[in-house]
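So this one's start.pdb, PDB, C-alpha atoms:
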ATOM      1  CA  GLY F 354       5.967   2.900 -13.655  1.00  0.00           C
ATOM      2  CA  ALA F 355       5.775  -0.807 -12.984  1.00  0.00           C
ATOM      3  CA  VAL F 356       2.414  -2.481 -13.455  1.00  0.00           C
ATOM      4  CA  VAL F 357       0.891  -5.007 -11.122  1.00  0.00           C
ATOM      5  CA  SER F 358      -2.312  -6.808 -11.992  1.00  0.00           C
ATOM      6  CA  GLN F 359      -4.730  -8.833  -9.921  1.00  0.00           C
ATOM      7  CA  HIS F 360      -7.294 -11.388 -10.941  1.00  0.00           C
ATOM      8  CA  PRO F 361     -10.148 -11.531 -10.368  1.00  0.00           C
ATOM      9  CA  SER F 362     -11.112  -7.953  -9.637  1.00  0.00           C
ATOM     10  CA  TRP F 363     -14.105  -9.144  -7.657  1.00  0.00           C
ATOM     11  CA  VAL F 364     -15.485 -12.469  -6.554  1.00  0.00           C
ATOM     12  CA  ILE F 365     -18.601 -13.678  -4.768  1.00  0.00           C
ATOM     13  CA  CYS F 366     -18.548 -17.113  -3.227  1.00  0.00           C
ATOM     14  CA  LYS F 367     -20.490 -19.290  -0.841  1.00  0.00           C
ATOM     15  CA  SER F 368     -19.349 -19.827   2.708  1.00  0.00           C
ATOM     16  CA  GLY F 369     -16.994 -22.796   2.990  1.00  0.00           C
ATOM     17  CA  THR F 370     -15.510 -22.556  -0.472  1.00  0.00           C
ATOM     18  CA  SER F 371     -11.953 -21.576  -1.333  1.00  0.00           C
ATOM     19  CA  VAL F 372     -11.002 -18.603  -3.450  1.00  0.00           C
ATOM     20  CA  LYS F 373      -7.723 -18.016  -5.259  1.00  0.00           C
ATOM     21  CA  ILE F 374      -6.479 -14.527  -6.082  1.00  0.00           C
ATOM     22  CA  GLU F 375      -3.610 -13.977  -8.491  1.00  0.00           C
ATOM     23  CA  CYS F 376      -1.104 -11.155  -8.401  1.00  0.00           C
ATOM     24  CA  ARG F 377       1.186 -10.574 -11.361  1.00  0.00           C
ATOM     25  CA  SER F 378       3.999  -8.145 -12.031  1.00  0.00           C
ATOM     26  CA  LEU F 379       3.597  -7.408 -15.723  1.00  0.00           C
ATOM     27  CA  ASP F 380       6.777  -5.625 -16.704  1.00  0.00           C
ATOM     28  CA  PHE F 381       9.288  -6.465 -14.007  1.00  0.00           C
ATOM     29  CA  GLN F 382      10.422  -9.374 -11.921  1.00  0.00           C
ATOM     30  CA  ALA F 383       9.228  -9.248  -8.347  1.00  0.00           C
ATOM     31  CA  THR F 384      11.398 -11.066  -5.879  1.00  0.00           C
ATOM     32  CA  THR F 385       9.129  -9.944  -3.068  1.00  0.00           C
ATOM     33  CA  MET F 386       5.364  -9.610  -3.024  1.00  0.00           C
ATOM     34  CA  PHE F 387       3.135  -8.461  -0.216  1.00  0.00           C
ATOM     35  CA  TRP F 388      -0.503  -9.175   0.514  1.00  0.00           C
ATOM     36  CA  TYR F 389      -2.771  -6.698   2.278  1.00  0.00           C
ATOM     37  CA  ARG F 390      -6.365  -6.666   3.401  1.00  0.00           C
ATOM     38  CA  GLN F 391      -8.492  -3.567   3.701  1.00  0.00           C
ATOM     39  CA  PHE F 392     -11.875  -3.274   5.354  1.00  0.00           C
ATOM     40  CA  PRO F 393     -14.241  -0.391   4.531  1.00  0.00           C
ATOM     41  CA  LYS F 394     -13.083   2.999   5.790  1.00  0.00           C
ATOM     42  CA  GLN F 395      -9.921   1.462   7.205  1.00  0.00           C
ATOM     43  CA  SER F 396      -6.282   1.449   6.222  1.00  0.00           C
ATOM     44  CA  LEU F 397      -4.409  -1.381   4.559  1.00  0.00           C
ATOM     45  CA  MET F 398      -3.307  -4.166   6.860  1.00  0.00           C
ATOM     46  CA  LEU F 399      -0.291  -6.213   5.879  1.00  0.00           C
ATOM     47  CA  MET F 400      -1.046  -9.920   5.915  1.00  0.00           C
ATOM     48  CA  ALA F 401       2.112 -11.545   4.656  1.00  0.00           C
ATOM     49  CA  THR F 402       5.345 -11.166   2.751  1.00  0.00           C
ATOM     50  CA  SER F 403       6.338 -13.694   0.131  1.00  0.00           C
ATOM     51  CA  ASN F 404       9.674 -14.167  -1.551  1.00  0.00           C
ATOM     52  CA  GLU F 405       9.977 -16.161  -4.725  1.00  0.00           C
ATOM     53  CA  GLY F 406      10.811 -19.777  -4.020  1.00  0.00           C
ATOM     54  CA  SER F 407      10.425 -19.634  -0.257  1.00  0.00           C
ATOM     55  CA  LYS F 408       7.666 -19.788   2.316  1.00  0.00           C
ATOM     56  CA  ALA F 409       5.691 -16.697   3.061  1.00  0.00           C
ATOM     57  CA  THR F 410       6.151 -14.766   6.291  1.00  0.00           C
ATOM     58  CA  TYR F 411       2.851 -14.015   7.950  1.00  0.00           C
ATOM     59  CA  GLU F 412       2.073 -11.089  10.197  1.00  0.00           C
ATOM     60  CA  GLN F 413       0.943 -11.751  13.730  1.00  0.00           C
ATOM     61  CA  GLY F 414      -2.672 -12.799  13.892  1.00  0.00           C
ATOM     62  CA  VAL F 415      -2.898 -13.951  10.283  1.00  0.00           C
ATOM     63  CA  GLU F 416      -3.642 -17.667   9.961  1.00  0.00           C
ATOM     64  CA  LYS F 417      -1.224 -19.210   7.512  1.00  0.00           C
ATOM     65  CA  ASP F 418      -3.396 -22.287   7.024  1.00  0.00           C
ATOM     66  CA  LYS F 419      -6.348 -20.150   6.087  1.00  0.00           C
ATOM     67  CA  PHE F 420      -4.538 -17.727   3.795  1.00  0.00           C
ATOM     68  CA  LEU F 421      -2.263 -19.831   1.627  1.00  0.00           C
ATOM     69  CA  ILE F 422       0.351 -17.916  -0.308  1.00  0.00           C
ATOM     70  CA  ASN F 423       2.386 -19.279  -3.174  1.00  0.00           C
ATOM     71  CA  HIS F 424       5.105 -17.325  -4.964  1.00  0.00           C
ATOM     72  CA  ALA F 425       6.262 -19.849  -7.515  1.00  0.00           C
ATOM     73  CA  SER F 426       7.731 -17.458 -10.063  1.00  0.00           C
ATOM     74  CA  LEU F 427       9.197 -13.977 -10.219  1.00  0.00           C
ATOM     75  CA  THR F 428       6.014 -12.607 -11.750  1.00  0.00           C
ATOM     76  CA  LEU F 429       3.234 -14.448  -9.964  1.00  0.00           C
ATOM     77  CA  SER F 430       2.019 -14.805  -6.415  1.00  0.00           C
ATOM     78  CA  THR F 431      -1.285 -16.314  -5.382  1.00  0.00           C
ATOM     79  CA  LEU F 432      -3.378 -15.945  -2.257  1.00  0.00           C
ATOM     80  CA  THR F 433      -5.904 -18.665  -1.530  1.00  0.00           C
ATOM     81  CA  VAL F 434      -8.563 -17.993   1.055  1.00  0.00           C
ATOM     82  CA  THR F 435      -9.510 -21.455   2.239  1.00  0.00           C
ATOM     83  CA  SER F 436     -12.941 -22.277   3.615  1.00  0.00           C
ATOM     84  CA  ALA F 437     -14.000 -18.679   3.305  1.00  0.00           C
ATOM     85  CA  HIS F 438     -16.542 -17.249   5.713  1.00  0.00           C
ATOM     86  CA  PRO F 439     -18.456 -13.964   5.668  1.00  0.00           C
ATOM     87  CA  GLU F 440     -15.917 -12.333   7.978  1.00  0.00           C
ATOM     88  CA  ASP F 441     -13.282 -12.887   5.288  1.00  0.00           C
ATOM     89  CA  SER F 442     -15.163 -10.516   3.010  1.00  0.00           C
ATOM     90  CA  SER F 443     -12.762  -7.690   2.318  1.00  0.00           C
ATOM     91  CA  PHE F 444     -10.647  -5.902  -0.262  1.00  0.00           C
ATOM     92  CA  TYR F 445      -7.431  -7.820  -0.884  1.00  0.00           C
ATOM     93  CA  ILE F 446      -4.506  -5.945  -2.404  1.00  0.00           C
ATOM     94  CA  CYS F 447      -1.098  -7.173  -3.437  1.00  0.00           C
ATOM     95  CA  SER F 448       2.080  -5.261  -4.064  1.00  0.00           C
ATOM     96  CA  ALA F 449       5.341  -6.169  -5.714  1.00  0.00           C
ATOM     97  CA  SER F 450       8.891  -5.063  -5.150  1.00  0.00           C
ATOM     98  CA  ALA F 451      11.961  -5.680  -7.235  1.00  0.00           C
ATOM     99  CA  SER F 452      14.551  -6.158  -4.514  1.00  0.00           C
ATOM    100  CA  ALA F 453      14.928  -9.267  -2.401  1.00  0.00           C
ATOM    101  CA  SER F 454      14.048  -7.405   0.767  1.00  0.00           C
ATOM    102  CA  GLY F 455      11.984  -4.607  -0.655  1.00  0.00           C
ATOM    103  CA  LEU F 456      14.429  -2.141   0.812  1.00  0.00           C
ATOM    104  CA  GLU F 457      14.988   1.016  -1.185  1.00  0.00           C
ATOM    105  CA  GLU F 458      12.764  -0.256  -3.910  1.00  0.00           C
ATOM    106  CA  THR F 459       9.333   1.096  -4.595  1.00  0.00           C
ATOM    107  CA  GLN F 460       6.377  -1.137  -3.960  1.00  0.00           C
ATOM    108  CA  TYR F 461       3.799  -1.081  -6.704  1.00  0.00           C
ATOM    109  CA  PHE F 462       0.278  -2.091  -5.871  1.00  0.00           C
ATOM    110  CA  GLY F 463      -2.281  -4.068  -7.768  1.00  0.00           C
ATOM    111  CA  PRO F 464      -5.822  -2.778  -8.311  1.00  0.00           C
ATOM    112  CA  GLY F 465      -7.236  -4.997  -5.571  1.00  0.00           C
ATOM    113  CA  THR F 466      -9.732  -7.861  -5.417  1.00  0.00           C
ATOM    114  CA  ARG F 467     -13.101  -7.429  -3.749  1.00  0.00           C
ATOM    115  CA  LEU F 468     -14.180 -10.659  -2.028  1.00  0.00           C
ATOM    116  CA  LEU F 469     -17.730 -11.157  -0.824  1.00  0.00           C
ATOM    117  CA  VAL F 470     -18.518 -14.358   1.012  1.00  0.00           C
ATOM    118  CA  LEU F 471     -22.204 -15.160   1.341  1.00  0.00           C
TER     119      LEU F 471
ATOM    120  CA  LEU T 441       9.191   0.298  13.588  1.00  0.00           C
ATOM    121  CA  ALA T 442       9.046   3.829  12.276  1.00  0.00           C
ATOM    122  CA  LYS T 443       5.504   4.862  13.019  1.00  0.00           C
ATOM    123  CA  THR T 444       4.116   7.731  11.001  1.00  0.00           C
ATOM    124  CA  THR T 445       1.545  10.275  12.095  1.00  0.00           C
ATOM    125  CA  GLN T 446      -0.431  12.496   9.754  1.00  0.00           C
ATOM    126  CA  PRO T 447      -3.654  14.500   9.923  1.00  0.00           C
ATOM    127  CA  ILE T 448      -6.799  12.440   9.531  1.00  0.00           C
ATOM    128  CA  SER T 449      -8.389  14.816   7.059  1.00  0.00           C
ATOM    129  CA  MET T 450      -7.817  18.027   5.127  1.00  0.00           C
ATOM    130  CA  ASP T 451     -10.012  20.228   2.994  1.00  0.00           C
ATOM    131  CA  SER T 452      -8.903  22.320   0.079  1.00  0.00           C
ATOM    132  CA  TYR T 453     -10.241  24.102  -2.978  1.00  0.00           C
ATOM    133  CA  GLU T 454      -9.424  23.638  -6.610  1.00  0.00           C
ATOM    134  CA  GLY T 455      -6.291  25.418  -7.710  1.00  0.00           C
ATOM    135  CA  GLN T 456      -4.771  25.640  -4.262  1.00  0.00           C
ATOM    136  CA  GLU T 457      -1.482  24.141  -3.158  1.00  0.00           C
ATOM    137  CA  VAL T 458      -1.913  21.435  -0.541  1.00  0.00           C
ATOM    138  CA  ASN T 459       0.759  20.492   1.934  1.00  0.00           C
ATOM    139  CA  ILE T 460       0.368  17.349   4.016  1.00  0.00           C
ATOM    140  CA  THR T 461       2.866  16.902   6.815  1.00  0.00           C
ATOM    141  CA  CYS T 462       3.818  13.550   8.259  1.00  0.00           C
ATOM    142  CA  SER T 463       5.742  12.901  11.470  1.00  0.00           C
ATOM    143  CA  HIS T 464       8.123   9.977  11.767  1.00  0.00           C
ATOM    144  CA  ASN T 465      10.160  10.642  14.876  1.00  0.00           C
ATOM    145  CA  ASN T 466      11.660   7.166  15.051  1.00  0.00           C
ATOM    146  CA  ILE T 467      12.739   6.861  11.462  1.00  0.00           C
ATOM    147  CA  ALA T 468      15.739   4.583  11.014  1.00  0.00           C
ATOM    148  CA  THR T 469      18.905   5.500   9.169  1.00  0.00           C
ATOM    149  CA  ASN T 470      18.129   3.281   6.193  1.00  0.00           C
ATOM    150  CA  ASP T 471      14.444   4.101   5.922  1.00  0.00           C
ATOM    151  CA  TYR T 472      13.020   5.890   2.944  1.00  0.00           C
ATOM    152  CA  ILE T 473       9.851   7.950   3.032  1.00  0.00           C
ATOM    153  CA  THR T 474       7.201   7.085   0.507  1.00  0.00           C
ATOM    154  CA  TRP T 475       3.816   8.603  -0.227  1.00  0.00           C
ATOM    155  CA  TYR T 476       0.901   6.814  -1.825  1.00  0.00           C
ATOM    156  CA  GLN T 477      -2.494   7.956  -3.054  1.00  0.00           C
ATOM    157  CA  GLN T 478      -5.546   5.742  -2.839  1.00  0.00           C
ATOM    158  CA  PHE T 479      -8.967   6.177  -4.401  1.00  0.00           C
ATOM    159  CA  PRO T 480     -11.939   4.137  -3.142  1.00  0.00           C
ATOM    160  CA  SER T 481     -11.860   0.485  -4.222  1.00  0.00           C
ATOM    161  CA  GLN T 482      -8.460   0.858  -5.859  1.00  0.00           C
ATOM    162  CA  GLY T 483      -4.950  -0.122  -4.879  1.00  0.00           C
ATOM    163  CA  PRO T 484      -2.598   2.603  -3.637  1.00  0.00           C
ATOM    164  CA  ARG T 485      -0.738   4.504  -6.307  1.00  0.00           C
ATOM    165  CA  PHE T 486       2.880   5.521  -5.780  1.00  0.00           C
ATOM    166  CA  ILE T 487       3.344   9.294  -5.700  1.00  0.00           C
ATOM    167  CA  ILE T 488       6.862  10.058  -4.575  1.00  0.00           C
ATOM    168  CA  GLN T 489       9.742   8.720  -2.512  1.00  0.00           C
ATOM    169  CA  GLY T 490      12.702  10.361  -0.856  1.00  0.00           C
ATOM    170  CA  TYR T 491      15.455  10.070   1.708  1.00  0.00           C
ATOM    171  CA  LYS T 492      16.348  13.675   2.522  1.00  0.00           C
ATOM    172  CA  THR T 493      16.115  17.269   1.243  1.00  0.00           C
ATOM    173  CA  LYS T 494      13.727  17.789  -1.637  1.00  0.00           C
ATOM    174  CA  VAL T 495      12.415  15.526  -4.324  1.00  0.00           C
ATOM    175  CA  THR T 496      10.172  16.668  -7.142  1.00  0.00           C
ATOM    176  CA  ASN T 497       8.399  14.806  -9.886  1.00  0.00           C
ATOM    177  CA  GLU T 498       5.607  15.588 -12.322  1.00  0.00           C
ATOM    178  CA  VAL T 499       2.861  15.322  -9.724  1.00  0.00           C
ATOM    179  CA  ALA T 500       4.274  16.363  -6.363  1.00  0.00           C
ATOM    180  CA  SER T 501       7.177  17.533  -4.269  1.00  0.00           C
ATOM    181  CA  LEU T 502       8.492  15.984  -1.103  1.00  0.00           C
ATOM    182  CA  PHE T 503      10.320  18.041   1.486  1.00  0.00           C
ATOM    183  CA  ILE T 504      12.378  16.299   4.148  1.00  0.00           C
ATOM    184  CA  PRO T 505      14.322  18.340   6.721  1.00  0.00           C
ATOM    185  CA  ALA T 506      17.802  17.406   7.823  1.00  0.00           C
ATOM    186  CA  ASP T 507      16.678  15.573  10.950  1.00  0.00           C
ATOM    187  CA  ARG T 508      14.239  13.481   8.836  1.00  0.00           C
ATOM    188  CA  LYS T 509      11.738  13.370  11.668  1.00  0.00           C
ATOM    189  CA  SER T 510       9.028  14.701   9.403  1.00  0.00           C
ATOM    190  CA  SER T 511       8.220  15.141   5.754  1.00  0.00           C
ATOM    191  CA  THR T 512       5.790  17.238   3.745  1.00  0.00           C
ATOM    192  CA  LEU T 513       4.017  16.216   0.590  1.00  0.00           C
ATOM    193  CA  SER T 514       3.195  19.203  -1.573  1.00  0.00           C
ATOM    194  CA  LEU T 515       0.524  18.958  -4.264  1.00  0.00           C
ATOM    195  CA  PRO T 516       0.500  22.020  -6.540  1.00  0.00           C
ATOM    196  CA  ARG T 517      -2.800  23.368  -7.802  1.00  0.00           C
ATOM    197  CA  VAL T 518      -5.050  20.507  -6.766  1.00  0.00           C
ATOM    198  CA  SER T 519      -8.121  19.541  -8.721  1.00  0.00           C
ATOM    199  CA  LEU T 520     -11.287  17.663  -7.786  1.00  0.00           C
ATOM    200  CA  SER T 521      -9.674  14.448  -8.977  1.00  0.00           C
ATOM    201  CA  ASP T 522      -7.033  14.760  -6.255  1.00  0.00           C
ATOM    202  CA  THR T 523      -9.677  13.919  -3.658  1.00  0.00           C
ATOM    203  CA  ALA T 524      -8.290  10.722  -2.138  1.00  0.00           C
ATOM    204  CA  VAL T 525      -6.546   9.252   0.870  1.00  0.00           C
ATOM    205  CA  TYR T 526      -2.825   9.963   1.073  1.00  0.00           C
ATOM    206  CA  TYR T 527      -0.534   7.660   3.000  1.00  0.00           C
ATOM    207  CA  CYS T 528       2.908   8.496   4.336  1.00  0.00           C
ATOM    208  CA  LEU T 529       5.109   5.489   4.997  1.00  0.00           C
ATOM    209  CA  SER T 530       8.560   4.863   6.287  1.00  0.00           C
ATOM    210  CA  ALA T 531      10.016   1.584   5.154  1.00  0.00           C
ATOM    211  CA  TYR T 532      11.560  -0.775   7.614  1.00  0.00           C
ATOM    212  CA  ASN T 533      15.324  -0.843   7.505  1.00  0.00           C
ATOM    213  CA  GLN T 534      15.022  -4.588   7.066  1.00  0.00           C
ATOM    214  CA  GLY T 535      12.526  -6.442   5.002  1.00  0.00           C
ATOM    215  CA  GLY T 536      11.008  -3.472   3.295  1.00  0.00           C
ATOM    216  CA  LYS T 537       7.601  -4.015   4.826  1.00  0.00           C
ATOM    217  CA  LEU T 538       5.246  -1.072   4.605  1.00  0.00           C
ATOM    218  CA  ILE T 539       2.990  -0.543   7.576  1.00  0.00           C
ATOM    219  CA  PHE T 540       0.137   1.747   6.657  1.00  0.00           C
ATOM    220  CA  GLY T 541      -1.219   4.287   9.105  1.00  0.00           C
ATOM    221  CA  GLN T 542      -4.680   5.764   8.789  1.00  0.00           C
ATOM    222  CA  GLY T 543      -3.696   8.200   6.074  1.00  0.00           C
ATOM    223  CA  THR T 544      -4.982  11.691   5.338  1.00  0.00           C
ATOM    224  CA  GLU T 545      -8.318  11.996   3.611  1.00  0.00           C
ATOM    225  CA  LEU T 546      -8.016  14.997   1.310  1.00  0.00           C
ATOM    226  CA  SER T 547     -11.205  16.559   0.059  1.00  0.00           C
ATOM    227  CA  VAL T 548     -10.906  19.064  -2.781  1.00  0.00           C
ATOM    228  CA  LYS T 549     -13.916  21.277  -3.267  1.00  0.00           C
ATOM    229  CA  PRO T 550     -14.883  23.361  -6.286  1.00  0.00           C
TER     230      PRO T 550
END

Once you've parsed the file, please lay out its structure as structure tokens.
Amino acid sequence: GAVVSQHPSWVICKSGTSVKIECRSLDFQATTMFWYRQFPKQSLMLMATSNEGSKATYEQGVEKDKFLINHASLTLSTLTVTSAHPEDSSFYICSASASASGLEETQYFGPGTRLLVL
Amino acid sequence: LAKTTQPISMDSYEGQEVNITCSHNNIATNDYITWYQQFPSQGPRFIIQGYKTKVTNEVASLFIPADRKSSTLSLPRVSLSDTAVYYCLSAYNQGGKLIFGQGTELSVKP
């Protein structure tokens, strides 16, 4: 199956700093990538959808100025958590899909990035 | 939005067949049904996807009745390593967004 990688796998940062997480599709071109957040013992929550070359679409309640998403190429999307605070500590997971809308295509997930903000 | 409903948890023993049923009463015509497996601190792993009838791959089978209002994931002869959370999802007919429900926490015992 298709492989999606994330970097870093875990990160610890001080409150107020910004953290960038990379999501790469290694063996296919991903026109659409999705970013999720997962708190302990909870399900995945979709944060935003990004299409290559266009602005990301954020889910209701997700601050676009705090969670900056860039999808500059067909194999790379980045999520930047700006001015991180302890409540942003979570497990961030990306997924990639090969179709422009994600319809009828399988989404493949990255291994996740554990963020701890002190 | 095609909301899915599945049992919160299930217990099984090694070697048994496990069937997890998911309800999706409002599934749209263009929606596919996809199942994922997730281990703690890992991203979900694709298991199987289908539209109707039966789909089988090397790890599981997916049964979807004609009305498509439900689906059943069948795991043959489970092992301890199959202990995980299993998510049933129905893709939007536009945009392909996946909205995760709470999933089914499967516990396989020796």

The ChimeraX specification (/F :<12) & /T applied to the shown file, residues as number ranges by chain
T: 448, 469-491, 525-545

Resolved residues for the PyMOL selection byres ((chain F and resi 425) around 6) as a list in words:
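The output of the PyMOL selection byres ((chain F and resi 425) around 6) on this file is Glu405, Gly406, Asn423, His424 and Ser426 of chain F.
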
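Taking CA of Asp522 (chain T) and CA of Trp363 (chain F) as endpoints, the distance between them is 25.0 Å.
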
Distance CA of Ser511 (chain T)-CA of Asn466 (chain T), one decimal place?
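CA of Asn466 (chain T) lies 12.7 Å from CA of Ser511 (chain T).
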
Tell me, as a list in words, which residues lie within 6 Å of Ser501 (chain T), counting only C-alpha atoms; anything in the same chain fewer than 2 positions away does not count.
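The filter keeps Val495, Thr496, Leu513 and Ser514 of chain T.
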
Selection result of the PyMOL selection byres ((chain F and resi 374) around 7) on this file, as a ChimeraX atom specification:
/F:360-361,372-373,375-376,431-433

I'd like the contact shell of Ser463 (chain T) - 7 Å cut-off, all atoms listed in the file, skipping same-chain residues fewer than 4 positions apart - returned as a tab-separated table (two decimals) with C-alpha atoms, keeping the file's coordinate frame.
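New file out-v1.tsv:
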chain	number	residue	atom	x	y	z
T	444	THR	CA	4.12	7.73	11.00
T	445	THR	CA	1.54	10.28	12.10
T	446	GLN	CA	-0.43	12.50	9.75
T	509	LYS	CA	11.74	13.37	11.67
T	510	SER	CA	9.03	14.70	9.40
T	511	SER	CA	8.22	15.14	5.75

Using only C-alpha atoms, determine which residues lie at most 6 Å from Thr370 (chain F), disregarding the query and same-chain residues fewer than 3 positions distant; provide the list as a CSV table (one decimal) with C-alpha atoms, in the coordinates of the input.
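The file below, out.csv, is the result:
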chain,number,residue,atom,x,y,z
F,367,LYS,CA,-20.5,-19.3,-0.8
F,436,SER,CA,-12.9,-22.3,3.6
F,437,ALA,CA,-14.0,-18.7,3.3

Report, in Å with one decimal, the straight-line distance from CA of Lys419 (chain F) to CA of His438 (chain F).
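A separation of 10.6 Å between them.
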
If you count only C-alpha atoms, which residues fall within 7 Å of Leu469 (chain F), apart from same-chain ones fewer than 2 positions away, as a count of residues only?
7

Determine, counting all atoms listed in the file, which protein, DNA and RNA residues have an atom within 7 Å of an atom of Val518 (chain T); residues of the same chain fewer than 2 positions away are not included. Present the result as a VMD selection string.
chain T and resid 454 to 457 515 to 516 520 522

Within 6 Å of file point (4.6, -9.7, -8.8), counting all atoms listed in the file, expressed as a list in words:
Cys376, Arg377, Ser378, Ala383, Met386, Thr428, Leu429 and Ala449 of chain F

Kindly export the residues of the current selection with C-alpha atoms, as a PDB file, in the coordinates of the input.
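Saved result, out35.pdb, follows:
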ATOM      1  CA  CYS F 376      -1.104 -11.155  -8.401  1.00  0.00           C
ATOM      2  CA  ARG F 377       1.186 -10.574 -11.361  1.00  0.00           C
ATOM      3  CA  SER F 378       3.999  -8.145 -12.031  1.00  0.00           C
ATOM      4  CA  ALA F 383       9.228  -9.248  -8.347  1.00  0.00           C
ATOM      5  CA  MET F 386       5.364  -9.610  -3.024  1.00  0.00           C
ATOM      6  CA  THR F 428       6.014 -12.607 -11.750  1.00  0.00           C
ATOM      7  CA  LEU F 429       3.234 -14.448  -9.964  1.00  0.00           C
ATOM      8  CA  ALA F 449       5.341  -6.169  -5.714  1.00  0.00           C
TER       9      ALA F 449
END
